[in-house]
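Undergrad: The structure file input34.txt (compact mmCIF, C-alpha atoms) is provided below.
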```txt
# COMPACT_ATOMS: atom_id res chain seq x y z
CA MET A 1 15.71 -4.85 -19.00
CA SER A 2 15.99 -1.92 -21.27
CA THR A 3 13.80 -3.24 -24.03
CA GLN A 4 10.98 -5.62 -24.47
CA ASN A 5 11.25 -6.81 -28.00
CA ASN A 6 10.94 -10.28 -26.54
CA ALA A 7 8.90 -11.44 -23.56
CA PRO A 8 10.81 -11.02 -20.26
CA ASN A 9 12.33 -14.50 -20.38
CA GLU A 10 15.01 -13.64 -17.82
CA MET A 11 12.39 -14.09 -15.08
CA GLY A 12 12.31 -17.77 -15.98
CA THR A 13 16.04 -18.32 -16.46
CA ALA A 14 18.20 -15.88 -14.44
CA ASN A 15 19.62 -16.58 -10.97
CA ILE A 16 16.77 -16.11 -8.49
CA GLY A 17 18.83 -14.24 -5.89
CA LYS A 18 20.22 -11.72 -8.38
CA LEU A 19 16.86 -11.46 -10.13
CA LEU A 20 15.02 -10.69 -6.90
CA ILE A 21 17.56 -8.03 -5.96
CA SER A 22 17.41 -6.45 -9.42
CA TYR A 23 13.60 -6.31 -9.30
CA ALA A 24 13.22 -5.49 -5.61
CA LEU A 25 15.82 -2.73 -5.26
CA PRO A 26 14.05 -0.32 -7.63
CA SER A 27 10.74 -1.04 -5.88
CA ILE A 28 12.34 -0.62 -2.45
CA ALA A 29 13.95 2.65 -3.52
CA ALA A 30 10.63 3.88 -4.88
CA GLN A 31 8.70 2.81 -1.79
CA MET A 32 11.30 4.34 0.53
CA VAL A 33 11.24 7.66 -1.27
CA SER A 34 7.44 7.59 -1.23
CA SER A 35 7.35 6.67 2.46
CA ILE A 36 9.87 9.35 3.35
CA TYR A 37 7.62 11.82 1.58
CA ASN A 38 4.64 10.66 3.68
CA VAL A 39 6.69 11.17 6.83
CA VAL A 40 7.93 14.58 5.69
CA ASP A 41 4.38 15.50 4.67
CA SER A 42 3.17 14.77 8.21
CA ILE A 43 6.03 16.85 9.63
CA PHE A 44 5.08 19.78 7.36
CA ILE A 45 1.45 19.50 8.46
CA GLY A 46 2.30 19.11 12.16
CA ARG A 47 4.74 22.00 12.24
CA GLY A 48 3.37 24.16 9.43
CA VAL A 49 -0.28 24.12 10.50
CA GLU A 50 -0.82 22.91 14.10
CA PRO A 51 -0.80 19.67 16.16
CA LEU A 52 -4.54 19.06 15.68
CA ALA A 53 -4.00 19.13 11.92
CA ILE A 54 -2.17 15.82 12.31
CA ALA A 55 -5.28 14.45 14.03
CA GLY A 56 -7.41 15.75 11.13
CA PHE A 57 -4.98 14.13 8.73
CA GLY A 58 -5.35 10.87 10.67
CA ILE A 59 -9.13 11.06 10.31
CA THR A 60 -8.72 10.89 6.53
CA LEU A 61 -6.87 7.55 6.65
CA PRO A 62 -10.02 5.37 6.34
CA LEU A 63 -11.22 7.30 3.28
CA MET A 64 -7.78 7.08 1.71
CA ASN A 65 -7.74 3.34 2.50
CA LEU A 66 -11.09 3.05 0.75
CA ALA A 67 -9.72 4.77 -2.34
CA ALA A 68 -6.58 2.60 -2.13
CA ALA A 69 -8.77 -0.51 -1.88
CA PHE A 70 -10.34 0.11 -5.28
CA GLY A 71 -6.99 1.17 -6.70
CA SER A 72 -5.34 -2.07 -5.54
CA LEU A 73 -8.29 -4.13 -6.79
CA VAL A 74 -7.43 -3.02 -10.34
CA GLY A 75 -3.72 -2.22 -10.05
CA ALA A 76 -2.48 -5.26 -8.13
CA GLY A 77 -4.96 -7.59 -9.82
CA GLY A 78 -4.07 -6.33 -13.29
CA GLY A 79 -0.33 -6.35 -12.59
CA THR A 80 -0.37 -9.95 -11.41
CA LEU A 81 -2.51 -11.03 -14.36
CA ILE A 82 -0.09 -9.34 -16.79
CA SER A 83 2.84 -11.26 -15.25
CA ILE A 84 0.99 -14.56 -15.57
CA LYS A 85 0.01 -13.81 -19.20
CA LEU A 86 3.63 -13.00 -20.02
CA GLY A 87 4.73 -16.30 -18.46
CA GLN A 88 2.21 -18.04 -20.73
CA LYS A 89 3.56 -16.10 -23.78
CA ASP A 90 0.11 -14.55 -24.27
CA LYS A 91 1.00 -11.08 -25.59
CA ASP A 92 -2.52 -10.15 -26.71
CA GLY A 93 -3.90 -11.29 -23.38
CA ALA A 94 -1.44 -9.05 -21.51
CA ASN A 95 -2.31 -6.08 -23.75
CA HIS A 96 -6.00 -6.67 -23.15
CA VAL A 97 -5.42 -6.72 -19.39
CA LEU A 98 -3.66 -3.34 -19.69
CA GLY A 99 -6.61 -1.86 -21.58
CA ASN A 100 -9.04 -3.12 -18.95
CA VAL A 101 -6.87 -1.68 -16.17
CA VAL A 102 -7.21 1.78 -17.74
CA ILE A 103 -10.98 1.64 -18.21
CA LEU A 104 -11.69 0.17 -14.77
CA ASN A 105 -9.52 2.77 -13.05
CA ILE A 106 -11.40 5.61 -14.75
CA ILE A 107 -14.83 4.17 -13.89
CA ILE A 108 -13.98 3.37 -10.28
CA GLY A 109 -12.01 6.59 -9.77
CA LEU A 110 -14.97 8.74 -10.84
CA SER A 111 -17.41 6.70 -8.73
CA VAL A 112 -15.32 6.99 -5.54
CA MET A 113 -14.84 10.73 -6.15
CA MET A 114 -18.56 11.45 -6.51
CA PHE A 115 -19.53 9.31 -3.52
CA GLY A 116 -16.86 10.86 -1.29
CA LEU A 117 -17.68 14.46 -2.19
CA LEU A 118 -21.42 13.88 -1.83
CA PHE A 119 -21.25 12.49 1.71
CA MET A 120 -18.01 14.09 2.93
CA ASP A 121 -19.01 15.45 6.36
CA LYS A 122 -21.15 12.45 7.32
CA ILE A 123 -18.31 10.11 6.40
CA LEU A 124 -15.72 12.06 8.39
CA VAL A 125 -17.89 12.11 11.52
CA VAL A 126 -18.26 8.33 11.31
CA PHE A 127 -14.49 8.11 10.88
CA GLY A 128 -13.98 9.82 14.25
CA ALA A 129 -13.78 13.52 13.41
CA SER A 130 -14.61 16.01 16.16
CA GLU A 131 -15.58 19.68 15.91
CA ASP A 132 -11.89 20.55 16.31
CA THR A 133 -10.57 18.24 13.57
CA ILE A 134 -13.27 17.93 10.90
CA SER A 135 -12.28 21.13 9.08
CA PHE A 136 -8.71 19.89 8.61
CA ALA A 137 -9.92 16.50 7.40
CA ARG A 138 -12.42 18.05 4.98
CA ASP A 139 -9.89 20.48 3.49
CA PHE A 140 -7.47 17.64 2.77
CA MET A 141 -9.92 15.09 1.38
CA GLU A 142 -11.78 17.46 -0.95
CA VAL A 143 -8.62 18.07 -2.94
CA ILE A 144 -7.61 14.40 -2.89
CA LEU A 145 -11.02 13.28 -4.15
CA TYR A 146 -11.11 15.79 -7.01
CA GLY A 147 -7.87 14.21 -8.22
CA ASN A 148 -8.99 10.63 -7.53
CA VAL A 149 -9.03 9.47 -11.17
CA ILE A 150 -5.44 10.67 -11.58
CA THR A 151 -4.44 8.75 -8.45
CA HIS A 152 -6.12 5.53 -9.63
CA LEU A 153 -4.61 5.66 -13.10
CA TYR A 154 -1.17 6.52 -11.72
CA PHE A 155 -1.02 3.55 -9.32
CA GLY A 156 -2.72 1.17 -11.75
CA LEU A 157 -0.28 1.87 -14.59
CA LEU A 158 2.66 1.87 -12.17
CA CYS A 159 1.79 -1.73 -11.23
CA ALA A 160 1.47 -2.56 -14.92
CA VAL A 161 4.84 -1.10 -15.95
CA ARG A 162 6.56 -3.02 -13.15
CA SER A 163 4.87 -6.28 -14.14
CA CYS A 164 5.89 -5.76 -17.77
CA GLY A 165 9.56 -5.98 -16.77
CA PHE A 166 10.45 -2.33 -16.10
CA PRO A 167 11.10 -2.14 -12.34
CA LYS A 168 13.72 0.60 -12.73
CA LYS A 169 11.36 2.76 -14.74
CA ALA A 170 8.67 2.26 -12.09
CA MET A 171 11.21 3.38 -9.49
CA THR A 172 12.19 6.45 -11.53
CA ILE A 173 8.57 7.48 -12.06
CA THR A 174 7.82 7.11 -8.36
CA MET A 175 10.89 9.15 -7.45
CA VAL A 176 9.95 11.91 -9.90
CA SER A 177 6.48 12.12 -8.35
CA VAL A 178 7.84 12.16 -4.82
CA VAL A 179 10.48 14.80 -5.54
CA VAL A 180 7.86 17.05 -7.14
CA ASN A 181 5.66 16.46 -4.09
CA ILE A 182 8.39 17.29 -1.60
CA ILE A 183 9.25 20.49 -3.49
CA LEU A 184 5.65 21.68 -3.80
CA CYS A 185 4.43 20.75 -0.31
CA PRO A 186 6.37 23.39 1.71
CA ILE A 187 5.74 25.98 -1.02
CA PHE A 188 1.97 25.47 -0.81
CA ILE A 189 1.83 25.11 3.00
CA PHE A 190 4.30 27.75 4.18
CA TRP A 191 4.80 30.29 1.38
CA LEU A 192 1.32 30.32 -0.20
CA GLY A 193 -0.46 29.69 3.12
CA LEU A 194 -2.72 26.95 1.77
CA GLY A 195 -2.37 24.87 4.94
CA ILE A 196 -3.40 21.23 4.77
CA ARG A 197 -5.04 21.83 1.37
CA GLY A 198 -1.58 22.63 0.06
CA ALA A 199 -0.31 19.20 1.07
CA ALA A 200 -3.17 17.51 -0.82
CA LEU A 201 -2.72 19.71 -3.89
CA ALA A 202 1.01 18.92 -4.00
CA THR A 203 0.17 15.21 -3.94
CA ILE A 204 -2.23 15.38 -6.91
CA ILE A 205 0.08 17.55 -9.02
CA ALA A 206 3.01 15.21 -8.34
CA GLN A 207 0.96 12.16 -9.35
CA SER A 208 -0.04 13.95 -12.56
CA PHE A 209 3.64 14.23 -13.49
CA GLY A 210 4.11 10.49 -12.91
CA LEU A 211 0.96 9.64 -14.87
CA MET A 212 2.14 11.60 -17.91
CA ILE A 213 5.38 9.58 -17.98
CA LEU A 214 3.43 6.32 -17.69
CA ILE A 215 1.06 7.25 -20.51
CA ARG A 216 4.00 8.14 -22.71
CA HIS A 217 5.61 4.76 -21.95
CA PHE A 218 2.56 2.69 -22.87
CA ALA A 219 1.79 4.87 -25.90
CA ASP A 220 5.02 3.63 -27.49
CA LYS A 221 3.95 0.91 -29.94
CA ASN A 222 7.51 -0.49 -29.95
CA LYS A 223 6.98 -1.76 -26.41
CA TYR A 224 6.00 -5.41 -26.03
CA ILE A 225 2.99 -4.27 -23.98
CA SER A 226 1.38 -0.98 -25.04
CA PHE A 227 -1.91 0.83 -25.55
CA HIS A 228 -3.99 -0.39 -28.49
CA ARG A 229 -7.46 0.91 -29.30
CA ARG A 230 -8.78 -2.58 -29.99
CA PHE A 231 -7.85 -3.64 -26.41
CA LEU A 232 -9.44 -0.58 -24.74
CA LYS A 233 -12.75 -2.28 -24.07
CA LEU A 234 -13.96 -4.26 -21.09
CA LYS A 235 -13.90 -8.03 -21.45
CA ASN A 236 -15.82 -10.09 -18.93
CA ASP A 237 -13.26 -12.84 -18.40
CA ILE A 238 -10.42 -10.32 -17.95
CA VAL A 239 -12.44 -8.15 -15.56
CA LYS A 240 -13.27 -11.25 -13.54
CA GLY A 241 -9.60 -12.25 -13.55
CA ILE A 242 -8.45 -8.80 -12.40
CA VAL A 243 -11.08 -8.66 -9.66
CA SER A 244 -10.37 -12.23 -8.56
CA VAL A 245 -6.62 -11.72 -8.20
CA GLY A 246 -6.98 -8.18 -6.84
CA LEU A 247 -9.53 -9.31 -4.26
CA SER A 248 -6.90 -9.92 -1.59
CA PRO A 249 -5.36 -6.40 -1.51
CA PHE A 250 -8.84 -4.94 -2.02
CA MET A 251 -10.24 -6.73 1.00
CA MET A 252 -7.13 -5.91 2.99
CA ASN A 253 -7.62 -2.19 2.32
CA ILE A 254 -11.37 -2.37 2.98
CA CYS A 255 -10.67 -4.09 6.28
CA ALA A 256 -8.00 -1.49 7.02
CA CYS A 257 -10.63 1.19 6.39
CA VAL A 258 -13.05 -0.42 8.86
CA VAL A 259 -10.27 -1.01 11.39
CA VAL A 260 -8.99 2.57 11.30
CA ILE A 261 -12.55 3.84 11.77
CA ILE A 262 -12.86 1.71 14.90
CA ILE A 263 -9.36 2.64 16.07
CA ASN A 264 -10.12 6.37 15.71
CA ASN A 265 -13.41 6.03 17.59
CA GLN A 266 -11.80 3.92 20.33
CA LEU A 267 -9.00 6.47 20.64
CA LYS A 268 -11.58 9.24 20.95
CA THR A 269 -13.45 7.23 23.61
CA TYR A 270 -10.46 6.16 25.72
CA GLY A 271 -8.18 9.07 24.85
CA ASN A 272 -8.67 12.35 22.94
CA ASP A 273 -7.90 14.05 19.62
CA TYR A 274 -4.23 13.95 20.54
CA ALA A 275 -4.39 10.15 20.72
CA ILE A 276 -5.77 10.12 17.17
CA GLY A 277 -2.92 12.39 16.12
CA ALA A 278 -0.45 10.08 17.87
CA TYR A 279 -1.78 7.10 15.93
CA GLY A 280 -1.31 9.09 12.73
CA ILE A 281 2.32 9.77 13.65
CA VAL A 282 3.14 6.18 14.62
CA ASN A 283 1.27 4.75 11.64
CA LYS A 284 3.28 6.91 9.24
CA MET A 285 6.54 5.82 10.85
CA LEU A 286 5.72 2.11 10.91
CA MET A 287 4.53 2.27 7.32
CA LEU A 288 8.01 3.47 6.42
CA PHE A 289 9.30 0.01 7.37
CA ALA A 290 6.29 -1.83 5.97
CA MET A 291 6.95 -0.16 2.62
CA LEU A 292 10.39 -1.76 2.56
CA VAL A 293 8.69 -5.15 2.74
CA LEU A 294 6.15 -4.02 0.15
CA GLY A 295 9.08 -3.17 -2.13
CA LEU A 296 10.42 -6.69 -1.66
CA ASN A 297 6.94 -8.07 -2.39
CA GLN A 298 6.71 -6.02 -5.56
CA GLY A 299 10.07 -7.42 -6.63
CA MET A 300 8.89 -10.96 -5.89
CA GLN A 301 5.47 -10.60 -7.57
CA PRO A 302 6.42 -10.61 -11.29
CA ILE A 303 9.07 -13.32 -10.74
CA ALA A 304 6.71 -15.61 -8.84
CA GLY A 305 3.82 -14.91 -11.21
CA TYR A 306 5.89 -15.51 -14.35
CA ASN A 307 7.43 -18.76 -13.10
CA TYR A 308 4.11 -20.02 -11.77
CA GLY A 309 2.57 -19.36 -15.19
CA ALA A 310 5.55 -21.17 -16.78
CA LYS A 311 5.13 -24.08 -14.29
CA LYS A 312 8.65 -23.64 -12.89
CA TYR A 313 7.58 -24.28 -9.31
CA GLY A 314 11.07 -24.75 -7.89
CA ARG A 315 11.88 -21.15 -8.84
CA VAL A 316 8.57 -20.02 -7.31
CA THR A 317 9.44 -21.46 -3.89
CA GLU A 318 13.01 -20.18 -4.08
CA VAL A 319 12.03 -16.57 -4.66
CA PHE A 320 9.51 -16.79 -1.81
CA LYS A 321 12.13 -18.07 0.67
CA LYS A 322 14.61 -15.34 -0.19
CA THR A 323 11.95 -12.65 0.09
CA VAL A 324 10.95 -13.88 3.56
CA ILE A 325 14.55 -13.76 4.77
CA TYR A 326 15.05 -10.17 3.60
CA ALA A 327 11.68 -9.05 4.97
CA THR A 328 12.40 -10.54 8.39
CA MET A 329 15.74 -8.76 8.55
CA VAL A 330 14.04 -5.43 7.77
CA MET A 331 11.40 -5.87 10.46
CA ILE A 332 13.87 -6.92 13.15
CA GLY A 333 15.86 -3.76 12.41
CA ALA A 334 12.67 -1.69 12.69
CA PHE A 335 11.83 -3.33 16.01
CA ILE A 336 15.22 -2.49 17.52
CA LEU A 337 15.16 1.12 16.30
CA CYS A 338 11.64 1.94 17.50
CA GLU A 339 12.02 0.22 20.86
CA CYS A 340 15.24 2.09 21.62
CA PHE A 341 14.41 5.60 20.36
CA PRO A 342 10.61 6.15 20.36
CA HIS A 343 10.64 9.66 21.89
CA ALA A 344 13.37 10.91 19.57
CA ILE A 345 11.48 9.63 16.53
CA CYS A 346 8.07 11.00 17.51
CA SER A 347 9.38 14.43 18.56
CA VAL A 348 10.40 15.07 14.96
CA PHE A 349 6.72 15.34 13.98
CA THR A 350 5.63 17.80 16.65
CA ASP A 351 6.99 19.86 19.52
CA ASP A 352 3.83 19.25 21.57
CA GLU A 353 4.93 17.27 24.64
CA GLU A 354 1.60 15.50 25.27
CA MET A 355 1.33 14.22 21.69
CA THR A 356 4.97 13.15 21.70
CA ASN A 357 4.56 11.12 24.93
CA ILE A 358 1.38 9.41 23.70
CA SER A 359 3.03 8.63 20.36
CA ALA A 360 6.19 7.17 21.93
CA ASN A 361 4.18 4.89 24.21
CA ALA A 362 2.03 3.73 21.29
CA MET A 363 5.08 3.03 19.14
CA ARG A 364 6.78 0.78 21.70
CA ILE A 365 3.63 -1.33 22.02
CA MET A 366 2.59 -1.45 18.35
CA ILE A 367 6.07 -2.52 17.18
CA PHE A 368 6.21 -5.57 19.47
CA ALA A 369 5.35 -8.24 16.85
CA PHE A 370 7.38 -6.73 14.00
CA PRO A 371 10.06 -9.48 13.96
CA ILE A 372 7.42 -11.92 12.60
CA VAL A 373 5.27 -9.48 10.61
CA GLY A 374 7.58 -9.61 7.58
CA PHE A 375 6.85 -13.30 7.09
CA GLN A 376 3.10 -12.72 7.31
CA MET A 377 3.19 -9.86 4.77
CA VAL A 378 5.29 -11.81 2.25
CA THR A 379 3.11 -14.92 2.57
CA SER A 380 -0.08 -12.98 1.86
CA ASN A 381 1.49 -11.36 -1.20
CA PHE A 382 2.91 -14.70 -2.35
CA PHE A 383 -0.55 -16.25 -2.64
CA GLN A 384 -1.70 -13.21 -4.61
CA SER A 385 1.36 -13.43 -6.90
CA ILE A 386 0.57 -17.01 -7.97
CA GLY A 387 -3.11 -16.25 -8.54
CA LYS A 388 -4.44 -17.92 -5.34
CA ALA A 389 -6.95 -15.15 -4.80
CA VAL A 390 -9.17 -16.88 -2.24
CA THR A 391 -6.29 -17.96 0.00
CA ALA A 392 -4.69 -14.50 -0.19
CA ALA A 393 -8.03 -12.86 0.64
CA VAL A 394 -8.60 -15.19 3.59
CA LEU A 395 -5.14 -14.46 4.97
CA SER A 396 -5.41 -10.70 4.57
CA THR A 397 -8.96 -10.31 5.86
CA THR A 398 -8.82 -12.64 8.87
CA ARG A 399 -6.07 -10.55 10.48
CA GLN A 400 -8.32 -7.50 10.31
CA LEU A 401 -11.78 -8.95 10.87
CA LEU A 402 -11.34 -12.06 13.01
CA PHE A 403 -8.30 -11.05 15.05
CA LEU A 404 -7.88 -7.27 15.16
CA LEU A 405 -11.49 -6.10 15.43
CA PRO A 406 -12.35 -8.26 18.48
CA SER A 407 -9.08 -7.18 20.12
CA LEU A 408 -9.95 -3.52 19.54
CA LEU A 409 -13.36 -3.98 21.13
CA ILE A 410 -12.23 -6.13 24.09
CA LEU A 411 -8.74 -5.06 25.21
CA PRO A 412 -9.50 -1.34 25.81
CA LYS A 413 -12.13 -2.38 28.36
CA PHE A 414 -9.33 -3.83 30.49
CA PHE A 415 -6.31 -1.68 29.58
CA GLY A 416 -7.89 1.63 28.51
CA LEU A 417 -5.97 3.54 25.83
CA ASP A 418 -3.09 1.04 25.94
CA GLY A 419 -5.58 -1.69 25.02
CA VAL A 420 -6.03 -0.03 21.62
CA TRP A 421 -2.27 -0.23 21.04
CA TYR A 422 -2.03 -3.84 22.35
CA SER A 423 -4.65 -5.05 19.88
CA LEU A 424 -2.31 -4.58 16.90
CA PRO A 425 0.58 -6.89 17.92
CA VAL A 426 -1.89 -9.46 19.29
CA SER A 427 -3.59 -9.74 15.90
CA ASP A 428 -0.21 -9.88 14.14
CA VAL A 429 0.89 -12.90 16.18
CA ILE A 430 -2.33 -14.84 15.55
CA SER A 431 -2.41 -14.05 11.82
CA THR A 432 1.21 -15.22 11.46
CA VAL A 433 0.21 -18.61 12.88
CA LEU A 434 -2.56 -18.83 10.27
CA ALA A 435 -0.07 -17.88 7.53
CA VAL A 436 2.19 -20.76 8.55
CA LEU A 437 -0.70 -23.24 8.31
CA LEU A 438 -1.87 -22.05 4.88
CA LEU A 439 1.67 -21.88 3.51
CA THR A 440 2.46 -25.42 4.65
CA LYS A 441 -0.51 -26.72 2.69
CA GLU A 442 0.48 -24.82 -0.47
CA TYR A 443 4.13 -25.86 -0.20
CA ARG A 444 3.14 -29.53 -0.28
CA LYS A 445 1.30 -28.95 -3.56
CA LEU A 446 4.22 -27.11 -5.13
CA LYS A 447 6.74 -29.76 -4.07
CA ALA A 448 4.55 -32.49 -5.49
CA ALA A 449 4.38 -30.62 -8.81
CA VAL A 450 8.15 -30.04 -9.12
```
Write the structure described by the file as C-alpha cells, please.

TA:
Amino acid sequence: MSTQNNAPNEMGTANIGKLLISYALPSIAAQMVSSIYNVVDSIFIGRGVEPLAIAGFGITLPLMNLAAAFGSLVGAGGGTLISIKLGQKDKDGANHVLGNVVILNIIIGLSVMMFGLLFMDKILVVFGASEDTISFARDFMEVILYGNVITHLYFGLLCAVRSCGFPKKAMTITMVSVVVNIILCPIFIFWLGLGIRGAALATIIAQSFGLMILIRHFADKNKYISFHRRFLKLKNDIVKGIVSVGLSPFMMNICACVVVIIINNQLKTYGNDYAIGAYGIVNKMLMLFAMLVLGLNQGMQPIAGYNYGAKKYGRVTEVFKKTVIYATMVMIGAFILCECFPHAICSVFTDDEEMTNISANAMRIMIFAFPIVGFQMVTSNFFQSIGKAVTAAVLSTTRQLLFLLPSLLILPKFFGLDGVWYSLPVSDVISTVLAVLLLTKEYRKLKAAV
C-alpha cells in the first residue's frame, strides 16, 4: 500500500497467498540483507582483526540478546497490538500504542545502557570471557551500549511501520541501514584501524540513518498512524497489552541469553576459546536461514493479527498454513547446504585451520533438526500474532529452559564438546512435538468459531 488514508482493509479481503507474499517478500529481503551484513561483519572481524576477535564477538551474544529481549518486548508487542487495533478499526488506540512504544523504548534503552556499562567486565566474565577475549568483547559492547537507545527506537518503530501496512518501506529502511553498515564497517576496521570498535560504531551509525527515516515517516500527520503529542504518554492498559503480547519474544531472548552464557561456559570447559569462536561462526550462518523464516513470520504477523481482530478465523488459519509450508522449504534447503559444504562455508570466516574444523563439525550437528524447525518457529510466532501471549511464551521458553538447558548440562558429560552441539537439535525435536500439541488445541477453537 502506498497510502493509508483508510485502514489497511486489504489484509481482510485480498487473496491470502498473494497477500502473504506481498508482505513477506519485503521482510525477507530486509532480513536477508541484515543477515548477510551480520555474516560479512563477522568475516571483517575474523580477517581484519584476528581469530580470537570472533571469540570475543561471540562472548557479546548474551548481552546483545538481553538488549534484544527488551527491544522485542516493546517492538513485537507494540507491532502486534497495532495490527489488532487496526483490525478493530480503532485508529486512536493504534496511535496511542505507537506513542507508548516510543516512550517505553527510550526508558528501557537508557536503563539497559546504564546497567551494562556499570557492570561490563563482571558481566563478560560470567558470559564466558577469558583473559584473551575480554578486551575484544569489551571494546565492542561499550560502543553498542552507548547507542542502545537508538537501537531500541529503530527496531521498535520498524515493527510499527510494518504493522501499519508499510512492509516495503520497512524493507527499504532496513536495506538503507545495512548498506550504510557494510560501507562503514571495512572503512572503520581496516582503513581507520578501529578494530572491533569500528564494527560496533558502524552498526550504531547505520541504525541512526534508519531511525531518522522512521521518525520522518511517523511525523507525517497525513499518515493513518502518526506521532501525536496527546498520545505520547504512558497508559496502563496499553503498556500491559504491549508487555503481555511481547512477553513471548522477550522470554525467548532472555532464555537465549541464559542459554548462550551456558553454551559459552560449556565450550570453555570442554573445548577452548576457539570453540567459542566456532559457535559464533556457526550461529551467524544458521541465523542467516532463521532470518528467512523470521521474514515470513513478519509477513504473517499483521495479516493474522488483523484478521483475528476482525474475527475472520478462516483467513487466520490459511495464512498460518502457507507460512509453515514456505518456512519448511527454507529449512530443508538450509539443511542440505550445510550438511554438504560445512568446511567451505566456515573457511570463509577465517583461515585458521583449527577453528574451521571445529566450526564445520559443529555445523553438521547443529543443523540436524532444521527440516522441522521452520514449523516450530512459525507456530510460536502465530500464537503471538493472534495475541495468545501465554501460549506463545510457554512455547518459546520451554525449548530453552526445559529442553535445551538440561541437554547442555547432561550431554557434554557423555560426548564432551560434541555433546554441546548435540543439545541443540535434541531440544528442537522435543519443542516441535510440544508445538504440535498446542497448535492442535488452538486449531479446534478456531474451527469451531468459523

Undergrad: Which is closer to Ala160 (chain A) than all the others in A:Leu409, A:Val112, A:Val126, A:Ile225, using only C-alpha atoms?

TA: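 Checking each candidate against Ala160 (chain A), we get A:Ile225 as the closest.
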
Undergrad: Region 381-386 of chain A: which residues within 7 Å, counting all atoms listed in the file, same-chain residues fewer than 5 positions away excluded, as a ChimeraX atom specification?

TA: /A:80,245,248,297,301,304-305,308,320,391-392

Undergrad: Give me the residues within 12 Å of Leu63 (chain A) as a PyMOL selection string, counting all atoms listed in the file and dropping any in the same chain fewer than 4 places off.

TA: chain A and resi 57-59+67-70+112-113+115-117+119-128+137-138+140-142+144-145+148+253-261

Undergrad: Residues within 12 Å of Ile276 (chain A), please, as a compact mmCIF listing (two decimals) with C-alpha atoms, keeping the file's coordinate frame. Count all atoms listed in the file; anything in the same chain fewer than 3 positions from it doesn't count.

TA:
```
# COMPACT_ATOMS: atom_id res chain seq x y z
CA PRO A 51 -0.80 19.67 16.16
CA LEU A 52 -4.54 19.06 15.68
CA ALA A 53 -4.00 19.13 11.92
CA ILE A 54 -2.17 15.82 12.31
CA ALA A 55 -5.28 14.45 14.03
CA GLY A 56 -7.41 15.75 11.13
CA PHE A 57 -4.98 14.13 8.73
CA GLY A 58 -5.35 10.87 10.67
CA ILE A 59 -9.13 11.06 10.31
CA THR A 60 -8.72 10.89 6.53
CA LEU A 61 -6.87 7.55 6.65
CA PHE A 127 -14.49 8.11 10.88
CA GLY A 128 -13.98 9.82 14.25
CA ALA A 129 -13.78 13.52 13.41
CA SER A 130 -14.61 16.01 16.16
CA THR A 133 -10.57 18.24 13.57
CA VAL A 260 -8.99 2.57 11.30
CA ILE A 261 -12.55 3.84 11.77
CA ILE A 262 -12.86 1.71 14.90
CA ILE A 263 -9.36 2.64 16.07
CA ASN A 264 -10.12 6.37 15.71
CA ASN A 265 -13.41 6.03 17.59
CA GLN A 266 -11.80 3.92 20.33
CA LEU A 267 -9.00 6.47 20.64
CA LYS A 268 -11.58 9.24 20.95
CA THR A 269 -13.45 7.23 23.61
CA TYR A 270 -10.46 6.16 25.72
CA GLY A 271 -8.18 9.07 24.85
CA ASN A 272 -8.67 12.35 22.94
CA ASP A 273 -7.90 14.05 19.62
CA TYR A 279 -1.78 7.10 15.93
CA GLY A 280 -1.31 9.09 12.73
CA ILE A 281 2.32 9.77 13.65
CA VAL A 282 3.14 6.18 14.62
CA ASN A 283 1.27 4.75 11.64
CA MET A 355 1.33 14.22 21.69
CA ILE A 358 1.38 9.41 23.70
CA SER A 359 3.03 8.63 20.36
CA ALA A 362 2.03 3.73 21.29
CA LEU A 417 -5.97 3.54 25.83
CA VAL A 420 -6.03 -0.03 21.62
CA TRP A 421 -2.27 -0.23 21.04
```

Undergrad: As an exercise, work out the distance from CA of Ile430 (chain A) to CA of Ser407 (chain A) in Å and give it to one decimal place.

TA: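 We find that CA of Ile430 (chain A) and CA of Ser407 (chain A) lie 11.2 Å from each other.
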
Undergrad: Which residues, written as a PyMOL selection string, have at least one atom at most 8 Å from Arg315 (chain A), with all atoms listed in the file counted and residues fewer than 3 positions away on the same chain left out?

TA: chain A and resi 12+16+304+307+312+318-319

Undergrad: Give me the residues within 7 Å of Val143 (chain A) as JSON, numbers by chain, counting all atoms listed in the file and dropping any in the same chain fewer than 5 places off.

TA: {"A": [197, 200, 201]}

Undergrad: Could you work out an axis-aligned box for region 188-202 of chain A, taking every atom the file lists and adding 5 Å on each side, and report centre and edge lengths in Å to one decimal, as AutoDock Vina command-line options?

TA:
```
--center_x -0.1 --center_y 23.9 --center_z 0.5 --size_x 19.8 --size_y 22.8 --size_z 18.9
```

Undergrad: How many Å separate CA of Val330 (chain A) from CA of Ala29 (chain A)?

TA: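 According to the coordinates, CA of Val330 (chain A) and CA of Ala29 (chain A) are separated by 13.9 Å.
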
Undergrad: Looking at only C-alpha atoms, which of A:Met291, A:Ala14, A:Val390, A:Leu153 is the one that sits closest to Gly109 (chain A)?

TA: A:Leu153

Undergrad: Generate the missing atoms of region 15-20 of chain A up to N, CA and C atoms and report them as a PDB file, in the coordinates of the input.

TA:
```pdb
ATOM      1  N   ASN A  15      19.442 -16.213 -12.376  1.00  0.00           N
ATOM      2  CA  ASN A  15      19.620 -16.580 -10.970  1.00  0.00           C
ATOM      3  C   ASN A  15      18.583 -15.886 -10.102  1.00  0.00           C
ATOM      4  N   ILE A  16      17.879 -16.648  -9.280  1.00  0.00           N
ATOM      5  CA  ILE A  16      16.770 -16.110  -8.490  1.00  0.00           C
ATOM      6  C   ILE A  16      17.236 -14.998  -7.541  1.00  0.00           C
ATOM      7  N   GLY A  17      18.352 -15.234  -6.841  1.00  0.00           N
ATOM      8  CA  GLY A  17      18.830 -14.240  -5.890  1.00  0.00           C
ATOM      9  C   GLY A  17      19.128 -12.910  -6.563  1.00  0.00           C
ATOM     10  N   LYS A  18      19.878 -12.953  -7.663  1.00  0.00           N
ATOM     11  CA  LYS A  18      20.220 -11.720  -8.380  1.00  0.00           C
ATOM     12  C   LYS A  18      18.977 -11.097  -9.008  1.00  0.00           C
ATOM     13  N   LEU A  19      18.092 -11.950  -9.504  1.00  0.00           N
ATOM     14  CA  LEU A  19      16.860 -11.460 -10.130  1.00  0.00           C
ATOM     15  C   LEU A  19      15.985 -10.729  -9.122  1.00  0.00           C
ATOM     16  N   LEU A  20      15.834 -11.322  -7.933  1.00  0.00           N
ATOM     17  CA  LEU A  20      15.020 -10.690  -6.900  1.00  0.00           C
ATOM     18  C   LEU A  20      15.604  -9.343  -6.503  1.00  0.00           C
TER      19      LEU A  20
END
```
